[in-house]
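Content type CSV, C-alpha atoms, from the file query24.csv:
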chain,number,residue,atom,x,y,z
T,1,MET,CA,-9.3,87.9,-91.7
T,2,PRO,CA,-12.3,86.6,-93.7
T,3,THR,CA,-15.5,88.4,-93.1
T,4,ALA,CA,-19.1,87.4,-93.5
T,5,PRO,CA,-21.1,88.9,-96.3
T,6,LEU,CA,-22.6,92.2,-95.4
T,7,PRO,CA,-26.4,92.4,-95.7
T,8,VAL,CA,-27.7,94.7,-98.5
T,9,PRO,CA,-31.0,96.5,-97.9
T,10,ALA,CA,-33.3,96.5,-100.9
T,11,PRO,CA,-33.4,100.0,-102.5
T,12,GLU,CA,-36.8,101.7,-102.9
T,13,PRO,CA,-38.1,102.0,-106.5
T,14,PRO,CA,-37.3,105.3,-108.1
T,15,PRO,CA,-40.2,107.8,-108.6
T,16,PRO,CA,-42.0,107.6,-111.9
T,17,GLY,CA,-40.3,109.3,-114.8
T,18,GLY,CA,-36.8,108.9,-113.6
T,19,ALA,CA,-34.5,110.7,-111.1
T,20,ASP,CA,-35.5,114.2,-112.2
T,21,GLU,CA,-39.3,113.8,-111.6
T,22,LEU,CA,-41.0,114.4,-108.3
T,23,LEU,CA,-44.2,112.9,-107.0
T,24,PRO,CA,-47.0,115.3,-106.0
T,25,GLY,CA,-46.9,116.3,-102.3
T,26,GLN,CA,-43.2,115.7,-101.9
T,27,GLY,CA,-42.4,119.3,-101.2
T,28,GLY,CA,-43.1,118.9,-97.4
T,29,ARG,CA,-41.0,115.7,-97.3
T,30,LEU,CA,-38.1,117.5,-99.1
T,31,ALA,CA,-38.2,120.4,-96.6
T,32,SER,CA,-38.0,117.9,-93.7
T,33,ALA,CA,-35.1,116.1,-95.5
T,34,VAL,CA,-33.0,119.1,-96.2
T,35,PRO,CA,-31.3,119.1,-92.7
T,36,GLY,CA,-30.3,115.5,-93.3
T,37,LEU,CA,-29.1,116.3,-96.8
T,38,VAL,CA,-26.6,118.9,-95.6
T,39,ARG,CA,-25.8,116.7,-92.5
T,40,TRP,CA,-26.8,119.2,-89.9
T,41,PRO,CA,-25.1,117.3,-87.0
T,42,ASN,CA,-21.8,117.5,-88.8
T,43,LEU,CA,-22.3,121.2,-89.6
T,44,ALA,CA,-23.1,121.8,-85.9
T,45,ILE,CA,-19.8,120.0,-84.9
T,46,MET,CA,-17.9,122.2,-87.5
T,47,LEU,CA,-19.5,125.3,-86.0
T,48,LEU,CA,-18.6,124.2,-82.5
T,49,SER,CA,-15.0,123.4,-83.4
T,50,MET,CA,-14.4,126.8,-85.2
T,51,VAL,CA,-16.0,128.7,-82.3
T,52,LEU,CA,-13.9,126.9,-79.7
T,53,VAL,CA,-10.7,127.3,-81.7
T,54,ARG,CA,-11.3,131.0,-82.0
T,55,ALA,CA,-12.4,131.5,-78.4
T,56,MET,CA,-10.1,129.2,-76.5
T,57,LEU,CA,-7.0,128.7,-78.5
T,58,LEU,CA,-6.4,132.1,-80.1
T,59,PRO,CA,-5.9,135.5,-78.4
T,60,GLY,CA,-8.7,137.8,-77.5
T,61,GLN,CA,-11.7,138.0,-75.2
T,62,PRO,CA,-13.7,134.9,-76.0
T,63,LEU,CA,-17.2,136.3,-76.3
T,64,GLY,CA,-16.0,139.4,-78.2
T,65,VAL,CA,-14.0,137.6,-80.8
T,66,VAL,CA,-16.7,135.0,-81.4
T,67,LEU,CA,-19.3,137.7,-82.1
T,68,ALA,CA,-17.0,139.7,-84.3
T,69,PRO,CA,-18.5,140.2,-87.8
T,70,GLN,CA,-15.3,139.0,-89.6
T,71,PHE,CA,-15.3,135.7,-87.7
T,72,GLY,CA,-19.0,135.3,-88.4
T,73,LEU,CA,-18.4,135.7,-92.1
T,74,LEU,CA,-15.6,133.1,-92.0
T,75,VAL,CA,-17.8,130.6,-90.2
T,76,LEU,CA,-20.7,131.2,-92.5
T,77,GLY,CA,-18.5,130.8,-95.6
T,78,ALA,CA,-17.0,127.5,-94.3
T,79,LEU,CA,-20.4,126.0,-93.4
T,80,LEU,CA,-21.9,127.0,-96.8
T,81,VAL,CA,-19.0,125.2,-98.6
T,82,ALA,CA,-19.4,122.2,-96.4
T,83,ALA,CA,-23.1,122.0,-97.0
T,84,ALA,CA,-22.5,122.3,-100.7
T,85,GLY,CA,-20.0,119.4,-100.4
T,86,TYR,CA,-22.6,117.1,-98.9
T,87,ILE,CA,-25.1,117.9,-101.6
T,88,ILE,CA,-22.6,117.3,-104.5
T,89,ASN,CA,-21.6,114.1,-102.7
T,90,ASP,CA,-25.1,112.8,-102.8
T,91,TYR,CA,-25.5,114.0,-106.4
T,92,TYR,CA,-22.8,111.7,-107.5
T,93,ASP,CA,-23.7,108.8,-105.2
T,94,VAL,CA,-27.4,108.4,-106.0
T,95,LYS,CA,-27.0,104.8,-107.1
T,96,ILE,CA,-24.6,103.8,-104.4
T,97,ASP,CA,-26.7,105.4,-101.7
T,98,ALA,CA,-29.8,103.5,-103.0
T,99,ILE,CA,-27.9,100.4,-101.9
T,100,ASN,CA,-26.0,101.5,-98.8
T,101,ARG,CA,-28.5,104.0,-97.3
T,102,PRO,CA,-31.8,103.8,-99.1
T,103,ASP,CA,-33.7,105.3,-96.2
T,104,ARG,CA,-31.6,108.5,-96.4
T,105,LEU,CA,-31.8,109.0,-100.2
T,106,VAL,CA,-32.8,112.6,-101.0
T,107,VAL,CA,-31.2,113.6,-104.3
T,108,GLY,CA,-32.9,111.9,-107.2
T,109,ARG,CA,-36.0,111.0,-105.1
T,110,LEU,CA,-37.1,114.2,-103.3
T,111,LEU,CA,-34.8,116.7,-105.0
T,112,ARG,CA,-34.1,116.8,-108.7
T,113,ARG,CA,-30.5,116.2,-109.6
T,114,ARG,CA,-30.2,119.4,-111.6
T,115,HIS,CA,-31.6,121.4,-108.6
T,116,ALA,CA,-29.0,119.7,-106.4
T,117,MET,CA,-26.3,120.7,-108.7
T,118,LEU,CA,-27.6,124.3,-108.7
T,119,ALA,CA,-27.7,124.4,-105.0
T,120,HIS,CA,-24.1,123.1,-104.8
T,121,VAL,CA,-22.9,125.8,-107.1
T,122,LEU,CA,-24.7,128.6,-105.4
T,123,LEU,CA,-23.7,127.6,-101.9
T,124,SER,CA,-20.1,127.0,-102.8
T,125,GLY,CA,-19.9,130.3,-104.8
T,126,LEU,CA,-21.4,132.3,-101.9
T,127,GLY,CA,-19.0,130.6,-99.4
T,128,VAL,CA,-16.0,131.4,-101.5
T,129,LEU,CA,-17.1,135.0,-102.0
T,130,LEU,CA,-17.6,135.5,-98.3
T,131,ALA,CA,-14.1,134.2,-97.6
T,132,MET,CA,-12.6,136.2,-100.4
T,133,ALA,CA,-14.2,139.4,-98.9
T,134,LEU,CA,-12.2,138.7,-95.8
T,135,SER,CA,-8.8,138.1,-97.4
T,136,CYS,CA,-7.4,136.6,-100.6
T,137,ARG,CA,-5.6,134.0,-98.4
T,138,LEU,CA,-8.9,132.8,-96.9
T,139,GLY,CA,-10.6,133.0,-100.3
T,140,PHE,CA,-8.1,130.7,-102.0
T,141,VAL,CA,-8.2,128.2,-99.1
T,142,THR,CA,-11.9,128.1,-99.2
T,143,MET,CA,-11.9,127.8,-103.0
T,144,GLY,CA,-9.4,124.9,-102.7
T,145,ALA,CA,-11.7,123.2,-100.2
T,146,ALA,CA,-14.7,123.6,-102.5
T,147,ALA,CA,-12.7,122.2,-105.4
T,148,LEU,CA,-11.4,119.3,-103.3
T,149,LEU,CA,-14.9,118.5,-102.2
T,150,TRP,CA,-16.0,118.3,-105.8
T,151,GLY,CA,-13.0,116.2,-106.7
T,152,TYR,CA,-13.7,113.9,-103.8
T,153,SER,CA,-17.3,113.4,-104.8
T,154,ALA,CA,-16.7,112.9,-108.5
T,155,ARG,CA,-13.5,110.8,-108.3
T,156,PHE,CA,-11.2,110.7,-105.3
T,157,LYS,CA,-13.6,108.8,-103.0
T,158,ARG,CA,-13.5,105.9,-105.4
T,159,VAL,CA,-9.7,105.7,-105.2
T,160,ALA,CA,-8.1,103.7,-102.4
T,161,LEU,CA,-6.9,105.9,-99.6
T,162,VAL,CA,-7.0,109.1,-101.7
T,163,GLY,CA,-10.6,109.9,-100.7
T,164,ASN,CA,-9.9,109.1,-97.0
T,165,VAL,CA,-6.9,111.5,-96.9
T,166,SER,CA,-8.8,114.1,-98.8
T,167,ILE,CA,-11.6,114.3,-96.2
T,168,GLY,CA,-9.0,114.2,-93.4
T,169,THR,CA,-7.2,117.2,-95.0
T,170,LEU,CA,-10.5,119.1,-95.3
T,171,THR,CA,-11.3,118.5,-91.6
T,172,ALA,CA,-7.9,119.7,-90.6
T,173,ALA,CA,-8.3,122.8,-92.8
T,174,LEU,CA,-11.6,123.6,-91.0
T,175,VAL,CA,-9.8,123.6,-87.7
T,176,LEU,CA,-7.1,125.8,-89.0
T,177,LEU,CA,-9.3,128.4,-90.6
T,178,PRO,CA,-9.5,130.7,-87.6
T,179,GLU,CA,-5.7,130.5,-87.3
T,180,LEU,CA,-5.2,131.2,-91.0
T,181,GLN,CA,-7.4,134.3,-90.5
T,182,LEU,CA,-5.1,135.7,-87.8
T,183,LEU,CA,-1.7,134.0,-88.3
T,184,THR,CA,-0.9,133.9,-84.6
T,185,GLY,CA,1.5,130.9,-84.8
T,186,ARG,CA,-0.3,129.0,-81.9
T,187,GLU,CA,1.1,125.5,-81.9
T,188,ALA,CA,-2.0,124.1,-80.1
T,189,VAL,CA,-4.2,124.8,-83.2
T,190,TRP,CA,-2.0,122.7,-85.4
T,191,LEU,CA,-1.9,119.8,-82.9
T,192,TYR,CA,-5.7,119.8,-82.9
T,193,ALA,CA,-5.8,119.9,-86.7
T,194,LEU,CA,-3.4,117.0,-86.9
T,195,ALA,CA,-5.5,115.0,-84.4
T,196,ALA,CA,-8.7,115.8,-86.5
T,197,PHE,CA,-6.9,114.6,-89.6
T,198,LEU,CA,-5.8,111.3,-88.2
T,199,LEU,CA,-9.2,110.5,-86.6
T,200,THR,CA,-11.1,111.5,-89.7
T,201,VAL,CA,-9.0,109.2,-91.9
T,202,VAL,CA,-9.7,106.3,-89.5
T,203,ARG,CA,-13.4,107.0,-89.6
T,204,GLU,CA,-13.4,107.3,-93.4
T,205,ILE,CA,-11.7,103.9,-93.8
T,206,ILE,CA,-14.2,102.4,-91.4
T,207,LYS,CA,-17.1,103.9,-93.5
T,208,ASP,CA,-15.6,102.5,-96.6
T,209,ILE,CA,-15.6,99.0,-95.1
T,210,GLU,CA,-19.2,99.6,-94.0
T,211,ASP,CA,-20.2,100.7,-97.6
T,212,MET,CA,-18.1,98.2,-99.6
T,213,ARG,CA,-21.1,96.3,-101.0
T,214,GLY,CA,-22.7,99.3,-102.7
T,215,ASP,CA,-19.3,100.6,-103.7
T,216,ALA,CA,-18.3,97.3,-105.3
T,217,GLN,CA,-21.5,97.3,-107.5
T,218,HIS,CA,-20.6,100.7,-109.0
T,219,GLY,CA,-17.0,100.3,-109.8
T,220,CYS,CA,-15.4,102.0,-106.8
T,221,ARG,CA,-11.8,101.1,-105.9
T,222,THR,CA,-11.9,102.0,-102.2
T,223,LEU,CA,-9.3,100.6,-99.8
T,224,PRO,CA,-11.3,97.5,-98.6
T,225,LEU,CA,-12.2,96.6,-102.2
T,226,VAL,CA,-8.5,96.9,-103.3
T,227,TRP,CA,-6.7,95.5,-100.3
T,228,GLY,CA,-9.4,93.6,-98.5
T,229,VAL,CA,-11.0,94.2,-95.1
T,230,ALA,CA,-8.2,92.8,-93.0
T,231,ARG,CA,-5.5,94.9,-94.6
T,232,SER,CA,-7.8,98.0,-94.5
T,233,LYS,CA,-8.2,97.5,-90.8
T,234,TRP,CA,-4.4,97.5,-90.4
T,235,VAL,CA,-4.2,100.8,-92.3
T,236,ALA,CA,-6.8,102.3,-90.1
T,237,GLY,CA,-4.9,100.9,-87.2
T,238,PHE,CA,-1.8,102.7,-88.3
T,239,PHE,CA,-3.5,106.1,-88.3
T,240,LEU,CA,-5.1,105.2,-85.0
T,241,ALA,CA,-1.7,104.4,-83.5
T,242,CYS,CA,-0.3,107.7,-84.7
T,243,LEU,CA,-3.3,109.5,-83.0
T,244,LEU,CA,-2.7,107.5,-79.8
T,245,VAL,CA,0.9,108.6,-79.7
T,246,LEU,CA,-0.1,112.2,-80.3
T,247,VAL,CA,-2.7,112.2,-77.5
T,248,LEU,CA,-0.4,110.4,-75.1
T,249,GLY,CA,2.5,112.8,-75.9
T,250,ALA,CA,0.2,115.8,-75.4
T,251,ALA,CA,-1.1,114.4,-72.1
T,252,TRP,CA,2.5,113.8,-70.9
T,253,GLN,CA,3.5,117.4,-71.7
T,254,LEU,CA,0.4,118.8,-70.0
T,255,LEU,CA,1.1,116.7,-66.9
T,256,ALA,CA,4.6,118.2,-66.8
T,257,TRP,CA,3.1,121.6,-66.9
T,258,GLY,CA,0.6,120.8,-64.1
T,259,ARG,CA,-2.5,121.1,-66.3
T,260,TRP,CA,-4.4,118.4,-64.4
T,261,PRO,CA,-7.9,119.0,-65.6
T,262,LEU,CA,-7.0,118.9,-69.3
T,263,THR,CA,-4.7,115.9,-68.8
T,264,ALA,CA,-7.5,114.0,-67.0
T,265,TRP,CA,-10.0,114.9,-69.8
T,266,LEU,CA,-7.6,113.7,-72.6
T,267,LEU,CA,-6.8,110.4,-70.7
T,268,ALA,CA,-10.4,109.6,-69.7
T,269,LEU,CA,-12.5,110.8,-72.6
T,270,VAL,CA,-10.0,110.6,-75.6
T,271,LEU,CA,-7.2,108.2,-74.9
T,272,LEU,CA,-9.2,105.4,-73.3
T,273,PRO,CA,-12.0,105.6,-75.9
T,274,LEU,CA,-9.3,105.4,-78.6
T,275,LEU,CA,-7.9,102.2,-77.0
T,276,GLU,CA,-11.4,100.8,-76.9
T,277,LEU,CA,-11.9,101.8,-80.6
T,278,ALA,CA,-8.7,99.9,-81.5
T,279,ARG,CA,-9.9,96.8,-79.6
T,280,GLN,CA,-13.3,96.9,-81.3
T,281,LEU,CA,-11.8,97.5,-84.7
T,282,ALA,CA,-9.6,94.4,-84.4
T,283,ARG,CA,-12.7,92.3,-83.6
T,284,ALA,CA,-15.2,93.9,-86.1
T,285,ASP,CA,-16.4,91.6,-88.9
T,286,ARG,CA,-20.0,92.7,-89.5
T,287,ARG,CA,-21.5,95.8,-91.2
T,288,ARG,CA,-23.2,96.8,-88.0
T,289,HIS,CA,-19.9,96.6,-86.2
T,290,PHE,CA,-18.4,99.2,-88.5
T,291,ARG,CA,-21.5,101.4,-88.3
T,292,GLN,CA,-21.0,101.4,-84.5
T,293,LEU,CA,-17.3,102.2,-84.9
T,294,SER,CA,-18.1,105.1,-87.2
T,295,ALA,CA,-20.4,106.6,-84.5
T,296,TRP,CA,-17.7,105.9,-81.9
T,297,CYS,CA,-15.3,108.0,-83.9
T,298,LYS,CA,-17.7,110.9,-83.9
T,299,GLY,CA,-18.0,110.7,-80.1
T,300,ILE,CA,-14.3,110.8,-79.7
T,301,MET,CA,-14.0,113.7,-82.0
T,302,LEU,CA,-16.6,115.6,-80.0
T,303,ALA,CA,-14.7,114.9,-76.8
T,304,GLY,CA,-11.6,116.2,-78.4
T,305,ILE,CA,-13.3,119.4,-79.5
T,306,LEU,CA,-14.8,120.0,-76.1
T,307,SER,CA,-11.3,119.6,-74.5
T,308,MET,CA,-10.5,123.0,-75.9
T,309,LEU,CA,-12.7,124.4,-73.1
T,310,LEU,CA,-9.9,123.4,-70.6
T,311,VAL,CA,-7.0,124.7,-72.6
As structure tokens, what does this structure read like?
Amino acid sequence: MPTAPLPVPAPEPPPPGGADELLPGQGGRLASAVPGLVRWPNLAIMLLSMVLVRAMLLPGQPLGVVLAPQFGLLVLGALLVAAAGYIINDYYDVKIDAINRPDRLVVGRLLRRRHAMLAHVLLSGLGVLLAMALSCRLGFVTMGAAALLWGYSARFKRVALVGNVSIGTLTAALVLLPELQLLTGREAVWLYALAAFLLTVVREIIKDIEDMRGDAQHGCRTLPLVWGVARSKWVAGFFLACLLVLVLGAAWQLLAWGRWPLTAWLLALVLLPLLELARQLARADRRRHFRQLSAWCKGIMLAGILSMLLV
């Protein structure tokens, strides 16, 4: 369907001397901007998901296994790599973010680009080393995640659907990390990882539609720019339909097992919001609509993560 032009906020002027110069007194502003730079709410959700996977879905006494040093090192390594990924993403997206999110611009305005690159390398390297200290398997998985984050920021996010699937894969890998550490073969972990993959792909497509004006001005070939908004919504709808089938199938099986609390949670706080998301997605045609849908996806993901408490 045709859509109205999306409003473009005017970017702030760059600091004197270019992207690598800082104005006096910006140190305090940078310190306050660092949590936003590394997307601390997203890191908190990652931490919560890993803790709940380990405590609720895998064997062992919940408090004891969560406080175990080896699990702590795994979580720290994963969060360091994720934080580094957000930094390198902003490093490559300075010009795009100046159009799409000028109020959240940090790299190139408060943080020198070469310092951002250094922070990315140090955080990624430390995260991989921590995972490698636990096992070669975890080390290679974490190294692959760090490389995929770099590739996503530098190239993949600008290619239709490739970037969306890349982030979905990374989200699923995060859910699977505690299982990959123990290799218990628990099916529930893989189902949660699949659900995380599908919902993340939906959200990434929605974000691409929201950001298409800035992406278009810098040569990106994201899904809405290649196929248009209407077809992109259909693609997002396909992944959303797959997720609906997965949740409905899980609820049906849980009902057959007599797991009433978890069934009710999935139906009320996951399935019904997904149906509302599908309805709103079909009607969305403004940038603010897609921004709201992106936040809606985050809420559904949080509800899905918290459902582990009832497993």
Residues of region 186-283 of chain T at most 6 Å from region 154-162 of chain T: nearest atom pair and distance in Å, all atoms listed in the file, as a tab-separated table:
residue	atom	partner	partner_atom	distance
T:Cys220	CA	T:Arg158	CA	4.6
T:Arg221	CA	T:Val159	CA	5.1
T:Thr222	CA	T:Ala160	CA	4.2
T:Leu223	CA	T:Ala160	CA	4.2
* To do: Go through T:Val245, T:Met56, T:Val201, T:Leu73 one by one, measure the shortest atom-to-atom distance of each to Ala131 (chain T) using all atoms listed in the file, and give the residue with the smallest value.
  =>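 Among the listed residues, T:Leu73 lies closest to Ala131 (chain T).
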* **Selection near Val38 (chain T), 8 Å with only C-alpha atoms, sequence-local residues under 4 positions removed, as a ChimeraX atom specification** => /T:34,43,82-84,86-87
* Of the candidates T:Gly127, T:Val226, T:Gln280, T:Ala193, which shows the shortest atom-to-atom distance to Gly304 (chain T), using only C-alpha atoms? -> T:Ala193
Write out as a compact mmCIF listing (two decimals) with C-alpha atoms, in the frame of the given file the residues lying within 9 Å of Val235 (chain T), counting only C-alpha atoms and excluding same-chain residues fewer than 5 positions away.
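As a result, around34.txt now contains:
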# COMPACT_ATOMS: atom_id res chain seq x y z
CA VAL T 202 -9.70 106.30 -89.50
CA ILE T 205 -11.70 103.90 -93.80
CA ALA T 230 -8.20 92.80 -93.00
CA LEU T 240 -5.10 105.20 -85.00
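Here CA of Leu105 (chain T) and CA of Ala33 (chain T) stand 9.1 Å from one another.
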* Would you list the contacts of region 216-219 of chain T as an NGL selection string, taking every protein, DNA or RNA residue within 9 Å and counting all atoms listed in the file, but skipping same-chain residues closer than 6 positions in sequence? => :T and (95-96 or 158 or 225)
* Using CA of Met212 (chain T) and CA of Ile88 (chain T) as the two end points, give the distance in Å to one decimal. =>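 Separation between CA of Met212 (chain T) and CA of Ile88 (chain T): 20.2 Å.
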* Calculate how many Å separate CA of Pro224 (chain T) from CA of Ile209 (chain T), rounding to one decimal. =>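 Going from CA of Pro224 (chain T) over to CA of Ile209 (chain T) covers 5.7 Å.
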* Between T:Val189, T:Val106, T:Val165, T:Leu277, single out the one closest to Ala55 (chain T), counting only C-alpha atoms. => T:Val189
* **Exercise: Leu80 (chain T) partners within 12 Å, all atoms listed in the file, chain neighbours under 6 positions left out, as a list in words** => Val38, Arg39, Trp40, Leu43, Met46, Leu47, Leu73, Leu74, Tyr86, Ile87, Ala119, His120, Val121, Leu122, Leu123, Ser124, Gly125, Leu126, Gly127, Val128, Leu129, Leu130, Ala131, Thr142, Met143, Ala145 and Ala146 of chain T
* **Among listed residues T:Leu148, T:Ala256, T:Thr169, T:Pro59, nearest Val81 (chain T) (using only C-alpha atoms)** => T:Leu148
* To do: Could you check which of T:Val229, T:Leu170, T:Ala31, T:Val107 is closest to Arg283 (chain T), using all atoms listed in the file?
  =>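 Selected residue with least distance to Arg283 (chain T): T:Val229.
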